[in-house]
Amino acid sequence: MIRKEDCCLIGRITKAHGLKGEVNFMFTDDIWDRVEADHLICEVDGILVPFYMEEYRFRSNSVALVKFEDLNTADDVQFLVNNDVYIEKKYMEESGEDEVSLNYFIGFKMIDGEDETEIGTVVAVDDDTENWLFIVENAEGKEIMIPAHEEFIAEIKQEERVLVMDLPLGLLDLS
């Protein structure tokens with residue numbers, strides 16, 4: 001059985017593409033291509049299930065068209081649409097990269113280390129500028145931008161998928 005804590009969230013199946021069983025895979029990390037993984041893991045009805053790739057091709061730097069084995073029509077892949085996609089953490093180790101991509105933290109709960117209140121959930125990483133940002137959605141659905149700077153991360157609780165932040169006074173008031 002594949003456990004979520006042994007995996008990293010790397011994207012989402014957004015829609016079926018064409019008639020031959022391809023899907024649009026919007027990814028936040030291309031680790032699956034760099035290590036030449038033969039499968040991706042999709043969450044189906046709360047269970048992580050491996051799906052073996054027959055072929056894939058890139059549409060952009062964040063979207064690929066993927067054809068999975070034994071899924072040959074648009075109807076066959078419909079159950080995958082809007083499901084999260086994961087890859088085992090072992091591939092991160094195999095890649096030889098010293099640091100995990102900040103996209104690894106998508107889905108983590110972020111809490112303030114000062115008073116242990118919940119800030120929200122990391123929903124994206126903005127890497128378009130020199131200073132990268134965590135995009136965090138709070139309980140009201142509002143997006144907050146938090147600098148993704150090493151000195152602000154007080155603790156990473158991988159098992160609980162929690163980022164404890166030590167943020168400068170007043171930073172959350174700017175949102």
# chains A, B, ... in the order shown; residues from 1 in each chain; ligands from 1

call {"tool": "residues_around", "arguments": {"residues": "Val122 (chain A)", "least_positions_apart": "4", "cutoff": "12 Å", "atoms": "only C-alpha atoms", "output": "ChimeraX atom specification"}}
result
/A:9,102-111,118,126,133-139,141-148,161-164

call {"tool": "write_last_selection", "arguments": {"atoms": "C-alpha atoms", "output": "PDB file, in the first residue's frame"}}
result
ATOM      1  CA  LEU A   9       2.302  16.139  -4.353  1.00  0.00           C
ATOM      2  CA  LEU A 102       9.633  24.441  -2.704  1.00  0.00           C
ATOM      3  CA  ASN A 103       6.703  22.862  -4.539  1.00  0.00           C
ATOM      4  CA  TYR A 104       7.145  19.961  -2.124  1.00  0.00           C
ATOM      5  CA  PHE A 105       5.392  22.137   0.477  1.00  0.00           C
ATOM      6  CA  ILE A 106       2.177  22.562  -1.524  1.00  0.00           C
ATOM      7  CA  GLY A 107      -0.558  21.095   0.629  1.00  0.00           C
ATOM      8  CA  PHE A 108       1.320  21.703   3.887  1.00  0.00           C
ATOM      9  CA  LYS A 109      -0.492  23.509   6.682  1.00  0.00           C
ATOM     10  CA  MET A 110       1.363  26.662   7.743  1.00  0.00           C
ATOM     11  CA  ILE A 111       1.310  27.772  11.372  1.00  0.00           C
ATOM     12  CA  GLU A 118      -2.932  28.400  11.795  1.00  0.00           C
ATOM     13  CA  ASP A 126       5.281  31.888  -6.908  1.00  0.00           C
ATOM     14  CA  LEU A 133       6.616  33.323  -2.252  1.00  0.00           C
ATOM     15  CA  PHE A 134       4.381  30.716  -0.664  1.00  0.00           C
ATOM     16  CA  ILE A 135       0.778  31.357  -1.694  1.00  0.00           C
ATOM     17  CA  VAL A 136      -1.251  30.406   1.385  1.00  0.00           C
ATOM     18  CA  GLU A 137      -5.037  30.144   1.512  1.00  0.00           C
ATOM     19  CA  ASN A 138      -6.449  31.015   4.925  1.00  0.00           C
ATOM     20  CA  ALA A 139      -9.674  29.717   6.508  1.00  0.00           C
ATOM     21  CA  GLY A 141     -10.417  31.491   1.384  1.00  0.00           C
ATOM     22  CA  LYS A 142      -8.220  34.579   1.095  1.00  0.00           C
ATOM     23  CA  GLU A 143      -4.762  34.138  -0.444  1.00  0.00           C
ATOM     24  CA  ILE A 144      -1.793  35.409   1.549  1.00  0.00           C
ATOM     25  CA  MET A 145       1.728  35.741   0.156  1.00  0.00           C
ATOM     26  CA  ILE A 146       4.482  34.668   2.551  1.00  0.00           C
ATOM     27  CA  PRO A 147       8.162  34.972   1.601  1.00  0.00           C
ATOM     28  CA  ALA A 148       9.565  31.469   1.039  1.00  0.00           C
ATOM     29  CA  ARG A 161       2.740  18.068   6.670  1.00  0.00           C
ATOM     30  CA  VAL A 162       3.147  21.267   8.703  1.00  0.00           C
ATOM     31  CA  LEU A 163       5.428  24.274   8.193  1.00  0.00           C
ATOM     32  CA  VAL A 164       6.111  26.226  11.377  1.00  0.00           C
TER      33      VAL A 164
END

call {"tool": "residues_around", "arguments": {"residues": "Val66 (chain A)", "least_positions_apart": "5", "cutoff": "9 Å", "atoms": "only C-alpha atoms", "output": "list in words"}}
result
His17, Gly21, Glu22, Val23, Asn24, Phe25, Met53, Glu54, Glu55, Tyr56, Arg57 and Phe58 of chain A

call {"tool": "closest_residue", "arguments": {"among": "A:Met92, A:Leu40, A:Leu172, A:Val35", "to": "Phe68 (chain A)", "atoms": "only C-alpha atoms"}}
result
A:Leu40

call {"tool": "residues_around", "arguments": {"residues": "Met1 (chain A)", "least_positions_apart": "5", "cutoff": "12 Å", "atoms": "only C-alpha atoms", "output": "VMD selection string"}}
result
chain A and resid 6 to 7 41 47 to 50

call {"tool": "write_last_selection", "arguments": {"atoms": "all heavy atoms", "output": "CSV table (one decimal), in the first residue's frame"}}
result
chain,number,residue,atom,x,y,z
A,6,ASP,N,4.8,9.0,2.2
A,6,ASP,CA,5.9,8.6,1.5
A,6,ASP,C,6.0,9.2,0.1
A,6,ASP,O,6.8,8.8,-0.8
A,6,ASP,CB,5.9,7.0,1.3
A,6,ASP,CG,6.0,6.3,2.6
A,6,ASP,OD1,6.7,6.9,3.5
A,6,ASP,OD2,5.5,5.2,2.7
A,7,CYS,N,5.1,10.1,-0.2
A,7,CYS,CA,4.9,10.7,-1.5
A,7,CYS,C,5.0,12.3,-1.4
A,7,CYS,O,4.8,12.8,-0.4
A,7,CYS,CB,3.6,10.3,-2.1
A,7,CYS,SG,3.4,8.6,-2.4
A,41,ILE,N,1.3,8.5,-9.4
A,41,ILE,CA,0.3,8.1,-8.4
A,41,ILE,C,-0.8,9.1,-8.3
A,41,ILE,O,-0.6,10.3,-8.1
A,41,ILE,CB,1.0,7.9,-7.0
A,41,ILE,CG1,2.1,6.9,-7.1
A,41,ILE,CG2,0.0,7.5,-6.0
A,41,ILE,CD1,3.1,6.8,-6.0
A,47,ILE,N,-7.6,6.7,-2.0
A,47,ILE,CA,-6.5,5.7,-2.1
A,47,ILE,C,-5.5,6.1,-3.1
A,47,ILE,O,-5.9,6.5,-4.2
A,47,ILE,CB,-7.1,4.3,-2.4
A,47,ILE,CG1,-8.2,3.9,-1.4
A,47,ILE,CG2,-6.1,3.2,-2.6
A,47,ILE,CD1,-9.0,2.7,-1.7
A,48,LEU,N,-4.2,6.0,-2.8
A,48,LEU,CA,-3.2,6.3,-3.8
A,48,LEU,C,-2.9,5.0,-4.7
A,48,LEU,O,-2.6,4.0,-4.2
A,48,LEU,CB,-1.9,6.6,-3.0
A,48,LEU,CG,-2.0,7.9,-2.2
A,48,LEU,CD1,-0.7,8.2,-1.5
A,48,LEU,CD2,-2.4,9.1,-3.0
A,49,VAL,N,-3.1,5.3,-6.0
A,49,VAL,CA,-3.0,4.2,-6.9
A,49,VAL,C,-2.0,4.5,-8.0
A,49,VAL,O,-2.0,5.6,-8.6
A,49,VAL,CB,-4.4,4.0,-7.6
A,49,VAL,CG1,-4.3,2.9,-8.7
A,49,VAL,CG2,-5.5,3.7,-6.6
A,50,PRO,N,-1.0,3.6,-8.3
A,50,PRO,CA,0.0,3.9,-9.3
A,50,PRO,C,-0.6,3.7,-10.7
A,50,PRO,O,-1.4,2.7,-10.9
A,50,PRO,CB,1.1,2.9,-9.1
A,50,PRO,CG,0.4,1.8,-8.4
A,50,PRO,CD,-0.7,2.4,-7.6

call {"tool": "select_by_dssp", "arguments": {"residues": "chain A", "states": "strand (DSSP E or B)", "output": "PyMOL selection string"}}
result
chain A and resi 7-17+22-27+39-44+47-58+63-68+84-88+109-112+118-126+133-137+143-147+153-157+162-165

call {"tool": "closest_residue", "arguments": {"among": "A:Asp112, A:Glu159, A:Asp84, A:Asp173", "to": "Ile13 (chain A)", "atoms": "only C-alpha atoms"}}
result
A:Asp84

call {"tool": "residues_around", "arguments": {"residues": "Asn82 (chain A)", "least_positions_apart": "3", "cutoff": "8 Å", "atoms": "only C-alpha atoms", "output": "list in words"}}
result
Arg12, Ile13, Thr14 and Lys15 of chain A

call {"tool": "closest_residue", "arguments": {"among": "A:Gly113, A:Asp38, A:Gly18, A:Tyr86", "to": "Glu69 (chain A)", "atoms": "only C-alpha atoms"}}
result
A:Asp38

call {"tool": "closest_residue", "arguments": {"among": "A:Asp75, A:Glu160, A:Glu140, A:Glu88", "to": "Ile10 (chain A)", "atoms": "only C-alpha atoms"}}
result
A:Glu88

call {"tool": "atom_distance", "arguments": {"atom1": "CA of Gly120 (chain A)", "atom2": "CA of Ala154 (chain A)"}}
result
16.0 Å

call {"tool": "closest_residue", "arguments": {"among": "A:Asp29, A:Asp166, A:Glu36, A:Glu5", "to": "Thr117 (chain A)", "atoms": "only C-alpha atoms"}}
result
A:Asp166

call {"tool": "closest_residue", "arguments": {"among": "A:Phe27, A:Phe79, A:Tyr91, A:Phe152", "to": "Ser62 (chain A)", "atoms": "only C-alpha atoms"}}
result
A:Phe27

call {"tool": "atom_distance", "arguments": {"atom1": "CA of Asp128 (chain A)", "atom2": "CA of His39 (chain A)"}}
result
28.9 Å

call {"tool": "select_by_dssp", "arguments": {"residues": "region 19-155 of chain A", "states": "alpha helix (DSSP H)", "output": "count of residues only"}}
result
13

call {"tool": "atom_distance", "arguments": {"atom1": "CA of Met26 (chain A)", "atom2": "CA of Glu130 (chain A)"}}
result
23.1 Å

call {"tool": "residues_around", "arguments": {"residues": "Ala74 (chain A)", "least_positions_apart": "3", "cutoff": "7 Å", "atoms": "only C-alpha atoms", "output": "ChimeraX atom specification"}}
result
/A:16,18-21,77-78

call {"tool": "write_last_selection", "arguments": {"atoms": "N, CA, C and O atoms", "output": "compact mmCIF listing (two decimals), in the first residue's frame"}}
result
# COMPACT_ATOMS: atom_id res chain seq x y z
N ALA A 16 -9.61 15.43 -19.38
CA ALA A 16 -9.29 14.47 -20.43
C ALA A 16 -8.91 15.26 -21.68
O ALA A 16 -9.36 16.38 -21.88
N GLY A 18 -8.62 14.79 -25.83
CA GLY A 18 -8.84 13.97 -27.02
C GLY A 18 -9.68 12.73 -26.74
O GLY A 18 -10.33 12.62 -25.71
N LEU A 19 -9.59 11.79 -27.67
CA LEU A 19 -10.43 10.59 -27.59
C LEU A 19 -9.66 9.32 -27.25
O LEU A 19 -10.25 8.27 -27.09
N LYS A 20 -8.34 9.41 -27.15
CA LYS A 20 -7.51 8.20 -27.01
C LYS A 20 -6.99 7.97 -25.60
O LYS A 20 -6.03 7.25 -25.40
N GLY A 21 -7.61 8.60 -24.60
CA GLY A 21 -7.26 8.32 -23.22
C GLY A 21 -6.14 9.17 -22.66
O GLY A 21 -5.57 8.83 -21.62
N VAL A 77 -10.58 7.63 -18.73
CA VAL A 77 -9.77 8.48 -17.86
C VAL A 77 -10.59 9.50 -17.07
O VAL A 77 -10.05 10.22 -16.24
N GLN A 78 -11.88 9.55 -17.32
CA GLN A 78 -12.72 10.57 -16.67
C GLN A 78 -12.63 10.52 -15.15
O GLN A 78 -12.66 11.55 -14.49
